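**Student:** After the structure tokens below, expect a handful of questions from me.
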Amino acid sequence: MSASIAATPYDALPAALVTELAEAGLDPRAVYAAIVEALAEDLPPNGTGIDVTSEATLPDEVVTADFGAREAGVVAGLGVAAMVFHYVLGDEVTLSDRVADGTSVAAGDVVLRVTGPVKGVLIAERTALNFACHLSGVATATAAWVGALAGTNARVLDTRKTLPGYRALQKYAVRCGGGVNHRFSLSDMALVKDNHVVAAGGVLPAYRAVKERYPDLPVEVEVTDLDQVRDLLGVGCERILLDNMSNAMMAEAVELRDAAGTGTVLEASGGLTFDRAREVAGTGVDFISVGALTHSVKVFDIGLDLPEDR
């Protein structure tokens, strides 16, 4: 095999893998497209180029290589990594011992075993790791927040602060870590933020404008003081975002909500650090939204090494 790729057509991918990704809430065709684009970066033009280093240094042989976790955490994106190998190697690859996404692993654990032509394995390696390491980082960070909130009623929530083109994958990784997804787009839920409030002339005019135009959509309104909370509770607003409030203010907002009996969901946001997580949850809010889960997460360390005695 030369150091190029099979470029397996979508319809030739293993049906079980495609079904698995779909059942996990991902669009398999979108994942496939992202993989094709990623490989095109490594093998220009359009993924048809040659890995010149592998072509020059590697023999035509079949190897079995292990992807190993180099730290403890929660893995995600291994199904995506599997699709990378099937795209690059077609029916020449065999995958085994793949750990299910959302599994907690320890340093040294094998998370995926790959058998195939060595040149193709090394072509696919970096792209597979780029997906798996990043998404496992999101899942691991989310799991840490979930652990910090254990025993409280609050749950950790992601945001739209995602890498362009990676939103569905990053939000999938949040779910793998035990977190909850906020809205996916600007159209599936209304979120009235400070600039909308200014333009509309206040939280109530903004809320009413959205409800009048889109009566069937859920609406959340960002507030910065308790008077705004009272106003919105008075009209039965279903969700309120408490922005950059002190713990004392959030606790009072919860008391106001409970007294009103509206069932309004309260979300804490803005300036929330991991060290504050449990204190904020103790105020009684329902959700704590954390943009850092996706916009500045540390990648999880997974590595692949060829066996020395191959």
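Here, A, B, ... name the chains of the structure tokens in the order displayed, residue numbers run from 1 inside each chain, and ligands are numbered from 1 in the same displayed order.
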Which residues are near region 133-140 of chain A? Cut-off 6 Å, only C-alpha atoms, ignore same chain within fewer than 5 positions. Put them as a list in words.
**Tutor:**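 Result of the neighbour search: Gly73, Val74, Val75, Ala76, Gly77, Ala173, Val174, Cys176, Gly177, Leu293, Lys298, Val299 and Phe300 of chain A.
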**Student:** Write out as number ranges by chain each polymer residue whose atoms come within 8 Å of Ser289 (chain A), counting only C-alpha atoms; drop sequence neighbours fewer than 4 positions from it.
**Tutor:** A: 156-159, 267-269
**Student:** Give me a file of those residues, with C-alpha atoms, as a short mmCIF file (atom, residue, chain, number, x, y, z; two decimals), in the first residue's frame.
**Tutor:**
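Final file, out_7.cif:
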```cif
data_model
loop_
_atom_site.label_atom_id
_atom_site.label_comp_id
_atom_site.auth_asym_id
_atom_site.auth_seq_id
_atom_site.Cartn_x
_atom_site.Cartn_y
_atom_site.Cartn_z
CA VAL A 156 -23.89 21.86 34.35
CA LEU A 157 -24.94 23.37 31.03
CA ASP A 158 -22.94 24.16 27.91
CA THR A 159 -23.22 27.27 25.70
CA GLU A 267 -29.64 29.46 35.23
CA ALA A 268 -26.47 30.96 36.69
CA SER A 269 -23.97 32.39 34.25
#
```
**Student:** Could you check how far CA of Asn153 (chain A) sits from CA of Thr103 (chain A), in Å to one decimal?
**Tutor:**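 Calculated distance between CA of Asn153 (chain A) and CA of Thr103 (chain A) is 23.3 Å.
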**Student:** Which residues of region 46-116 of chain A have any atom within 6 Å of an atom in region 5-15 of chain A when counting only C-alpha atoms, and what is the closest pair of atoms for each, with the distance in Å to one decimal? Order the rows by chain and rising number and write it as a Markdown table.
**Tutor:**
```
| residue | atom | partner | partner_atom | distance |
| --- | --- | --- | --- | --- |
| A:Tyr87 | CA | A:Thr8 | CA | 4.7 |
| A:Val88 | CA | A:Ile5 | CA | 4.7 |
| A:Leu89 | CA | A:Ala6 | CA | 5.4 |
| A:Gly90 | CA | A:Thr8 | CA | 5.5 |
```
**Student:** So that I have them on file, write out the residues from the current selection with C-alpha atoms, as a compact mmCIF listing (two decimals), in the first residue's frame.
**Tutor:**
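Written file, again19.txt:
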```txt
# COMPACT_ATOMS: atom_id res chain seq x y z
CA TYR A 87 -12.25 6.25 5.69
CA VAL A 88 -8.47 6.03 5.31
CA LEU A 89 -8.07 2.25 5.16
CA GLY A 90 -11.40 0.89 3.95
```
**Student:** Point out the residue among A:Glu279, A:Asp51, A:Glu252, A:Glu23 with the least atom-to-atom distance to Leu266 (chain A), counting only C-alpha atoms.
**Tutor:**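 Checking each of A:Glu279, A:Asp51, A:Glu252, A:Glu23 against Leu266 (chain A), counting only C-alpha atoms, the winner is A:Glu252.
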**Student:** From a DSSP pass on the backbone, collect the residues of region 31-258 of chain A flagged as strand (DSSP E or B) and hand them back as a VMD selection string.
**Tutor:** chain A and resid 62 to 69 73 to 74 94 to 96 104 to 105 110 to 117 155 to 157 180 190 to 192 219 to 223 239 to 243
**Student:** Any idea what's packed within 9 Å of Arg70 (chain A), counting only C-alpha atoms, ignoring anything in its chain fewer than 5 positions away? Could you give it as a PyMOL selection string?
**Tutor:** chain A and resi 106-109+300-303
**Student:** For C-alpha atoms, I'd like the residues from the last selection saved as an mmCIF file, in the first residue's frame.
**Tutor:**
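again_28.cif, freshly written:
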```
data_model
loop_
_atom_site.group_PDB
_atom_site.id
_atom_site.type_symbol
_atom_site.label_atom_id
_atom_site.label_comp_id
_atom_site.auth_asym_id
_atom_site.auth_seq_id
_atom_site.Cartn_x
_atom_site.Cartn_y
_atom_site.Cartn_z
ATOM 1 C CA ALA A 106 -7.184 5.551 33.891
ATOM 2 C CA ALA A 107 -3.715 6.387 32.627
ATOM 3 C CA GLY A 108 -2.402 3.412 30.683
ATOM 4 C CA ASP A 109 -5.785 2.073 29.598
ATOM 5 C CA PHE A 300 -7.096 14.930 26.793
ATOM 6 C CA ASP A 301 -3.843 13.051 26.256
ATOM 7 C CA ILE A 302 -4.240 9.941 24.122
ATOM 8 C CA GLY A 303 -1.302 8.512 22.215
#
```
**Student:** Can you list, as number ranges by chain, every protein, DNA or RNA residue that comes within 8 Å of Val265 (chain A) when you count only C-alpha atoms, leaving out same-chain residues fewer than 5 positions away?
**Tutor:** A: 238-240, 285-286
**Student:** So, counting only C-alpha atoms, which residue among A:Thr94, A:Thr152, A:Ser187, A:Thr224 is closest to Thr283 (chain A)?
**Tutor:**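 Residue with the minimum atom-to-atom distance to Thr283 (chain A): A:Thr152.
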**Student:** Considering only C-alpha atoms, can you say which of A:Met83, A:Val229, A:Leu169, A:Ile123 comes closest to Thr48 (chain A)?
**Tutor:**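 So, comparing all the options, the nearest one is A:Ile123.
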**Student:** Fewer than 2 positions away in the same chain doesn't count, so skip those; otherwise give me all residues within 10 Å of Gly49 (chain A), counting only C-alpha atoms, as a PDB file with N, CA and C atoms, in the first residue's frame.
**Tutor:**
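Output below, filename result27.pdb:
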```pdb
ATOM      1  N   ALA A   3       1.498   5.383   0.592  1.00  0.00           N
ATOM      2  CA  ALA A   3       1.118   6.250   1.706  1.00  0.00           C
ATOM      3  C   ALA A   3       0.055   7.245   1.259  1.00  0.00           C
ATOM      4  N   SER A   4      -1.075   6.735   0.783  1.00  0.00           N
ATOM      5  CA  SER A   4      -2.241   7.527   0.413  1.00  0.00           C
ATOM      6  C   SER A   4      -3.446   6.880   1.084  1.00  0.00           C
ATOM      7  N   ILE A   5      -4.643   7.292   0.739  1.00  0.00           N
ATOM      8  CA  ILE A   5      -5.827   6.793   1.449  1.00  0.00           C
ATOM      9  C   ILE A   5      -6.816   6.140   0.506  1.00  0.00           C
ATOM     10  N   LEU A  39      -8.764  15.321   6.510  1.00  0.00           N
ATOM     11  CA  LEU A  39      -7.746  14.594   5.749  1.00  0.00           C
ATOM     12  C   LEU A  39      -7.250  15.394   4.553  1.00  0.00           C
ATOM     13  N   ALA A  40      -8.112  16.251   3.997  1.00  0.00           N
ATOM     14  CA  ALA A  40      -7.691  17.107   2.889  1.00  0.00           C
ATOM     15  C   ALA A  40      -6.613  18.086   3.340  1.00  0.00           C
ATOM     16  N   GLU A  41      -6.653  18.484   4.624  1.00  0.00           N
ATOM     17  CA  GLU A  41      -5.608  19.365   5.149  1.00  0.00           C
ATOM     18  C   GLU A  41      -4.266  18.644   5.216  1.00  0.00           C
ATOM     19  N   ASP A  42      -4.288  17.363   5.552  1.00  0.00           N
ATOM     20  CA  ASP A  42      -3.049  16.602   5.676  1.00  0.00           C
ATOM     21  C   ASP A  42      -2.505  16.120   4.340  1.00  0.00           C
ATOM     22  N   LEU A  43      -3.406  15.912   3.374  1.00  0.00           N
ATOM     23  CA  LEU A  43      -2.988  15.332   2.098  1.00  0.00           C
ATOM     24  C   LEU A  43      -3.527  16.152   0.934  1.00  0.00           C
ATOM     25  N   PRO A  44      -3.081  17.401   0.808  1.00  0.00           N
ATOM     26  CA  PRO A  44      -3.551  18.204  -0.314  1.00  0.00           C
ATOM     27  C   PRO A  44      -2.974  17.663  -1.621  1.00  0.00           C
ATOM     28  N   PRO A  45      -3.666  17.898  -2.746  1.00  0.00           N
ATOM     29  CA  PRO A  45      -4.971  18.579  -2.823  1.00  0.00           C
ATOM     30  C   PRO A  45      -6.131  17.622  -2.582  1.00  0.00           C
ATOM     31  N   ASN A  46      -7.064  18.067  -1.786  1.00  0.00           N
ATOM     32  CA  ASN A  46      -8.338  17.353  -1.589  1.00  0.00           C
ATOM     33  C   ASN A  46      -8.179  15.921  -1.095  1.00  0.00           C
ATOM     34  N   GLY A  47      -7.171  15.696  -0.255  1.00  0.00           N
ATOM     35  CA  GLY A  47      -7.010  14.380   0.340  1.00  0.00           C
ATOM     36  C   GLY A  47      -6.444  13.329  -0.583  1.00  0.00           C
ATOM     37  N   ASP A  51       1.622  10.894   1.973  1.00  0.00           N
ATOM     38  CA  ASP A  51       2.404  11.106   3.194  1.00  0.00           C
ATOM     39  C   ASP A  51       3.849  10.749   2.849  1.00  0.00           C
ATOM     40  N   VAL A  52       4.628  11.767   2.538  1.00  0.00           N
ATOM     41  CA  VAL A  52       5.956  11.506   1.992  1.00  0.00           C
ATOM     42  C   VAL A  52       6.883  10.842   3.011  1.00  0.00           C
TER      43      VAL A  52
END
```
**Student:** Measuring between only C-alpha atoms, which one of A:Tyr172, A:Tyr32, A:Tyr166, A:Trp145 shows the shortest distance to His295 (chain A)?
**Tutor:**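 Smallest distance to His295 (chain A) is found for A:Tyr166.
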